[in-house]
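Visitor: You'll find run.txt just under this line, and it carries compact mmCIF, C-alpha atoms.
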```txt
# COMPACT_ATOMS: atom_id res chain seq x y z
CA MET A 341 0.00 0.00 0.00
CA ALA A 342 2.97 2.19 0.42
CA THR A 343 3.84 2.23 -3.25
CA PRO A 344 0.43 3.41 -4.58
CA ARG A 345 0.32 6.10 -1.98
CA ARG A 346 3.75 7.36 -2.96
CA LEU A 347 2.68 7.30 -6.62
CA HIS A 348 -0.41 9.23 -5.75
CA VAL A 349 1.67 11.90 -3.97
CA CYS A 350 3.97 12.17 -6.96
CA CYS A 351 1.05 12.64 -9.36
CA VAL A 352 -0.48 15.33 -7.21
CA SER A 353 2.88 17.10 -6.94
CA PHE A 354 3.29 16.92 -10.71
CA LEU A 355 -0.18 18.38 -11.32
CA VAL A 356 0.44 21.20 -8.86
CA ALA A 357 3.73 21.99 -10.56
CA ALA A 358 2.09 21.94 -14.00
CA ILE A 359 -0.71 24.22 -12.85
CA CYS A 360 1.80 26.67 -11.32
CA LEU A 361 3.89 26.65 -14.49
CA THR A 362 0.81 27.28 -16.61
CA LEU A 363 -0.30 30.18 -14.41
CA PHE A 364 3.20 31.65 -14.50
CA CYS A 365 3.37 31.49 -18.29
CA SER A 366 -0.10 33.03 -18.65
CA THR A 367 0.81 35.86 -16.30
CA SER A 368 4.03 36.58 -18.22
CA ALA A 369 2.23 36.62 -21.55
CA THR A 370 -0.48 38.91 -20.21
CA ALA A 371 2.13 41.27 -18.78
CA GLN A 372 4.01 41.37 -22.12
CA ASP A 373 0.79 42.05 -24.03
CA SER A 374 -0.29 44.82 -21.71
CA THR A 375 3.09 46.61 -21.69
CA PRO A 376 2.54 48.53 -25.03
CA LEU A 377 -0.94 49.49 -23.95
CA VAL A 378 0.29 50.83 -20.64
CA THR A 379 3.11 52.71 -22.42
CA GLU A 380 0.63 54.20 -24.87
CA LEU A 381 -1.70 55.25 -22.05
CA ILE A 382 1.16 56.88 -20.18
CA ALA A 383 2.35 58.74 -23.28
CA THR A 384 -1.21 59.88 -23.99
CA ALA A 385 -1.66 61.13 -20.46
CA ASP A 386 1.65 63.02 -20.46
CA SER A 387 1.20 64.83 -23.83
CA PRO A 388 -2.29 65.97 -24.84
CA ALA A 389 -3.23 65.41 -28.43
CA LEU A 390 -2.87 68.49 -30.71
CA PRO A 391 -4.50 69.06 -34.12
CA ASP A 392 -2.31 68.75 -37.15
CA ALA A 393 -0.86 72.07 -38.39
CA PRO A 394 -2.32 73.24 -41.72
CA LEU A 395 -0.05 72.97 -44.70
CA PRO A 396 1.01 76.31 -46.24
CA SER A 397 -0.65 77.12 -49.53
CA ILE A 398 1.09 78.45 -52.62
CA ALA A 399 -0.36 81.94 -52.09
CA ASN A 400 1.12 82.08 -48.58
CA LEU A 401 4.57 81.20 -49.93
CA GLN A 402 4.69 84.35 -52.13
CA PRO A 403 6.96 87.15 -50.79
CA PRO A 404 5.12 90.20 -49.42
CA SER A 405 4.73 93.14 -51.78
CA GLN A 406 7.28 95.89 -51.31
CA ASN A 407 4.81 98.68 -52.10
CA PRO A 408 1.32 97.96 -50.83
CA PRO A 409 -1.38 99.44 -53.04
CA SER A 410 -2.64 102.82 -51.96
CA PRO A 411 -6.34 103.20 -51.20
CA ASN A 412 -6.40 106.07 -53.74
CA ALA A 413 -4.61 104.13 -56.47
CA GLY A 414 -7.66 104.40 -58.68
CA THR A 415 -7.38 108.24 -58.90
CA SER A 416 -5.32 109.54 -61.81
CA LEU A 417 -4.07 112.99 -62.77
CA GLY A 418 -6.56 112.99 -65.60
CA ASP A 419 -9.37 112.79 -63.05
CA LEU A 420 -8.03 116.02 -61.55
CA GLY A 421 -8.12 117.81 -64.90
CA LEU A 422 -4.34 117.69 -65.49
CA THR A 423 -2.91 116.67 -68.82
CA PRO A 424 0.55 115.16 -69.37
CA ALA A 425 1.64 118.50 -70.86
CA ASP A 426 0.81 120.16 -67.53
CA THR A 427 2.71 117.67 -65.40
CA GLU A 428 5.69 116.78 -67.57
CA GLY A 429 8.53 119.10 -68.42
CA SER A 430 8.85 120.35 -71.97
CA ALA A 431 12.24 121.15 -73.46
CA GLU A 432 10.66 123.61 -75.87
CA ARG A 433 8.82 125.44 -73.08
CA GLN A 434 11.95 125.53 -70.93
CA ALA A 435 13.90 127.02 -73.81
CA LEU A 436 11.17 129.65 -74.17
CA PHE A 437 11.47 130.53 -70.48
CA ASP A 438 15.26 130.77 -70.75
CA LYS A 439 15.06 133.05 -73.79
CA ARG A 440 12.56 135.36 -72.10
CA THR A 441 14.66 135.54 -68.94
CA HIS A 442 17.79 136.39 -70.94
CA MET A 443 16.11 139.09 -73.01
CA LEU A 444 14.47 140.74 -69.99
CA LYS A 445 17.82 140.81 -68.18
CA VAL A 446 19.38 142.57 -71.16
CA HIS A 447 16.39 144.94 -71.25
CA GLN A 448 16.95 145.79 -67.60
CA ARG A 449 20.67 146.43 -68.00
CA LEU A 450 20.26 148.57 -71.09
CA GLY A 451 17.49 150.52 -69.37
CA LEU A 452 19.78 151.37 -66.47
CA ILE A 453 22.61 152.36 -68.83
CA THR A 454 20.23 154.58 -70.83
CA ILE A 455 19.75 156.76 -67.74
CA ILE A 456 23.28 158.15 -68.27
CA PRO A 457 22.78 159.72 -71.74
CA VAL A 458 19.24 160.83 -70.83
CA ALA A 459 20.49 162.67 -67.76
CA ALA A 460 23.46 164.11 -69.66
CA ALA A 461 21.19 165.38 -72.45
CA CYS A 462 18.97 167.10 -69.89
CA ILE A 463 21.95 168.74 -68.23
CA THR A 464 23.48 170.02 -71.47
CA ALA A 465 20.10 171.39 -72.63
CA ALA A 466 20.86 174.54 -70.64
CA GLY A 467 23.61 175.49 -73.11
CA ALA A 468 21.70 174.65 -76.29
CA PRO A 469 19.71 177.90 -76.72
CA PRO A 470 21.69 180.85 -78.12
CA LYS A 471 22.94 183.32 -75.52
CA HIS A 472 22.55 187.03 -76.10
CA GLY A 473 21.64 186.46 -79.71
CA ASN A 474 24.89 184.60 -80.47
CA PHE A 475 23.61 181.95 -82.87
CA SER A 476 27.09 180.97 -84.03
CA ASN A 477 28.10 179.23 -80.77
CA THR A 478 27.14 175.66 -81.61
CA THR A 479 29.54 173.68 -79.38
CA ASP A 480 27.15 173.23 -76.45
CA ARG A 481 24.28 172.76 -78.86
CA ASP A 482 26.11 170.04 -80.80
CA LEU A 483 27.00 168.26 -77.56
CA HIS A 484 23.36 168.34 -76.50
CA VAL A 485 22.26 166.93 -79.85
CA ALA A 486 24.84 164.14 -79.68
CA LEU A 487 23.84 163.10 -76.16
CA GLY A 488 20.17 163.23 -77.12
CA SER A 489 20.83 160.99 -80.13
CA VAL A 490 22.68 158.44 -77.96
CA ALA A 491 19.81 158.47 -75.46
CA VAL A 492 17.25 157.78 -78.19
CA ALA A 493 19.37 154.98 -79.69
CA MET A 494 19.87 153.35 -76.29
CA TYR A 495 16.16 153.68 -75.54
CA GLY A 496 15.32 151.94 -78.84
CA ALA A 497 17.65 149.02 -78.03
CA THR A 498 16.15 148.72 -74.55
CA ALA A 499 12.62 148.68 -75.94
CA TYR A 500 13.59 146.07 -78.55
CA TYR A 501 14.55 143.46 -75.95
CA ALA A 502 11.32 144.05 -74.03
CA ILE A 503 9.13 143.81 -77.14
CA ARG A 504 10.89 140.77 -78.63
CA ALA A 505 10.94 138.78 -75.38
CA PRO A 506 8.63 135.75 -75.89
CA LYS A 507 5.38 135.76 -73.96
CA VAL A 508 4.85 132.71 -71.74
CA SER A 509 1.73 133.65 -69.79
CA ASN A 510 -1.52 135.53 -70.33
CA GLU A 511 -1.75 136.62 -66.70
CA PRO A 512 -2.25 140.39 -66.28
CA ALA A 513 0.61 142.41 -64.82
CA ARG A 514 0.40 143.34 -61.14
CA GLY A 515 2.10 145.74 -58.77
CA GLY A 516 5.18 147.59 -59.98
CA VAL A 517 5.24 145.77 -63.32
CA LYS A 518 1.75 147.12 -64.06
CA TRP A 519 2.88 150.71 -63.41
CA HIS A 520 6.04 150.07 -65.41
CA LYS A 521 3.88 149.19 -68.42
CA TYR A 522 1.47 152.09 -67.91
CA LEU A 523 4.35 154.59 -67.94
CA ILE A 524 5.40 153.29 -71.37
CA TYR A 525 2.47 155.25 -72.82
CA VAL A 526 4.15 158.42 -71.54
CA HIS A 527 7.87 158.03 -72.16
CA ALA A 528 7.62 156.06 -75.45
CA PRO A 529 5.76 158.86 -77.33
CA GLY A 530 8.02 161.36 -75.57
CA MET A 531 11.15 159.63 -76.88
CA ILE A 532 9.74 159.95 -80.40
CA LEU A 533 8.53 163.57 -80.13
CA THR A 534 11.56 164.92 -78.26
CA PRO A 535 14.14 164.45 -81.07
CA ILE A 536 11.63 165.64 -83.69
CA LEU A 537 10.88 168.84 -81.81
CA GLY A 538 14.61 169.22 -81.05
CA ALA A 539 15.47 168.99 -84.76
CA ILE A 540 12.90 171.70 -85.58
CA ALA A 541 14.28 173.93 -82.82
CA PHE A 542 17.85 173.30 -84.02
CA ASN A 543 17.00 174.39 -87.57
CA GLN A 544 15.24 177.49 -86.31
CA ILE A 545 18.26 178.52 -84.23
CA ASN A 546 20.70 177.87 -87.08
CA SER A 547 18.53 180.04 -89.30
CA GLY A 548 18.96 182.91 -86.85
CA GLN A 549 15.44 182.59 -85.48
CA LYS A 550 14.18 182.20 -81.98
CA VAL A 551 12.56 178.90 -81.16
CA HIS A 552 8.84 179.28 -81.78
CA GLY A 553 5.74 177.32 -82.62
CA ILE A 554 5.58 173.61 -81.79
CA ALA A 555 9.37 173.52 -81.38
CA SER A 556 9.01 175.53 -78.18
CA ALA A 557 7.48 172.43 -76.52
CA HIS A 558 10.75 170.53 -76.96
CA GLY A 559 11.96 171.24 -73.44
CA ALA A 560 8.64 170.39 -71.73
CA VAL A 561 8.25 167.14 -73.66
CA ALA A 562 11.85 166.14 -72.92
CA THR A 563 11.37 166.82 -69.20
CA ALA A 564 8.14 164.79 -69.03
CA THR A 565 9.84 161.97 -70.92
CA ALA A 566 12.84 161.87 -68.58
CA ILE A 567 10.63 161.93 -65.44
CA SER A 568 8.29 159.17 -66.67
CA TYR A 569 11.26 157.06 -67.75
CA GLY A 570 12.86 157.35 -64.32
CA ALA A 571 9.52 156.54 -62.65
CA ALA A 572 9.19 153.39 -64.78
CA ILE A 573 12.57 152.19 -63.53
CA VAL A 574 11.68 152.94 -59.91
CA ALA A 575 8.36 151.10 -60.26
CA VAL A 576 10.07 147.75 -60.87
CA SER A 577 12.96 148.41 -58.47
CA TRP A 578 11.05 149.61 -55.39
CA PRO A 579 11.96 149.38 -52.58
CA ILE A 580 15.50 150.39 -53.49
CA HIS A 581 18.20 149.09 -51.15
CA LEU A 582 21.43 151.00 -51.31
CA LYS A 583 24.57 149.11 -50.34
CA PHE A 584 27.88 150.83 -49.66
```
Please go through the file and, once you have read it, give me the structure as structure tokens.
Guide:
Amino acid sequence: MATPRRLHVCCVSFLVAAICLTLFCSTSATAQDSTPLVTELIATADSPALPDAPLPSIANLQPPSQNPPSPNAGTSLGDLGLTPADTEGSAERQALFDKRTHMLKVHQRLGLITIIPVAAACITAAGAPPKHGNFSNTTDRDLHVALGSVAVAMYGATAYYAIRAPKVSNEPARGGVKWHKYLIYVHAPGMILTPILGAIAFNQINSGQKVHGIASAHGAVATATAISYGAAIVAVSWPIHLKF
């Protein structure tokens, strides 16, 4: 009876060992299978899920414009009533301006120089009439005539540069320039009448006659001409600043 009992104990021990081995293997397999799941759960808990970033489009990859469009880009100079001729420089018009400026500068310089013979002719006029009936003394008279002729010639050259200067604007003259032009109607006829009346007076004196008739107005016309001419110069030069 001892042998069967010992066999029975061995069988039981073998079954217990088999059951333990089976449980151990099952536990190991379950632990290996659950390890990725646990790792995934831990990773998910540590880092919250974020949405995928949108991919950039082709339009977003273009470089930004250097000059952004202005809100008034639709307005043109034509809408404001301006033509290209008004906004763009013209070589022909610039040449016209340059020519006018040059001619008016010459006009101004000649006008100032003309003051010298005009003043000299007025001063020498005192010796032109015959003294004490001496009609043969013509030295002072000839000097007066010569200075008067130079004054008229210089006046003509001065007027030429003013008349021939090209006109670039139709705007009316203002201020001193307006008075300068008004006085032309005084000294221009005077510069024509003065030598004519002087020539008549000169012939009368050389003929042994006293100055009479229309020739007697020679002095008054010459004086009015000289005063109006000087006033025309002052009109465009006022105020005059003297520098020493």
Visitor: Extract, using all atoms listed in the file, all DNA, RNA and protein residues at most 10 Å from Gly515 of chain A, discarding same-chain residues fewer than 3 positions from it, and format them as a list in words.
Guide: Lys518, Trp519, His520, Ala575 and Val576 of chain A
Visitor: Give me the residues within 12 Å of segment 551-560 of chain A as a ChimeraX atom specification, counting all atoms listed in the file and dropping any in the same chain fewer than 2 places off.
Guide: /A:461-466,468-470,473,475,488,530-549,562-567
Visitor: Could you jot down the atom CA of Ile573 of chain A to atom CA of Leu483 of chain A separation for me, Å, one decimal place?
Guide: 25.8 Å
Visitor: With only C-alpha atoms as the basis for distance, which of A:Ile503, A:Leu487, A:Ala493, A:Ala528 is at the shortest distance from Ala459 of chain A?
Guide: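 Ranked by minimum distance to Ala459 of chain A, first place goes to A:Leu487.
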Visitor: Interatomic distance between atom CA of Val517 of chain A and atom CA of Val492 of chain A?
Guide: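 So the two atoms, atom CA of Val517 of chain A and atom CA of Val492 of chain A, lie 22.6 Å apart.
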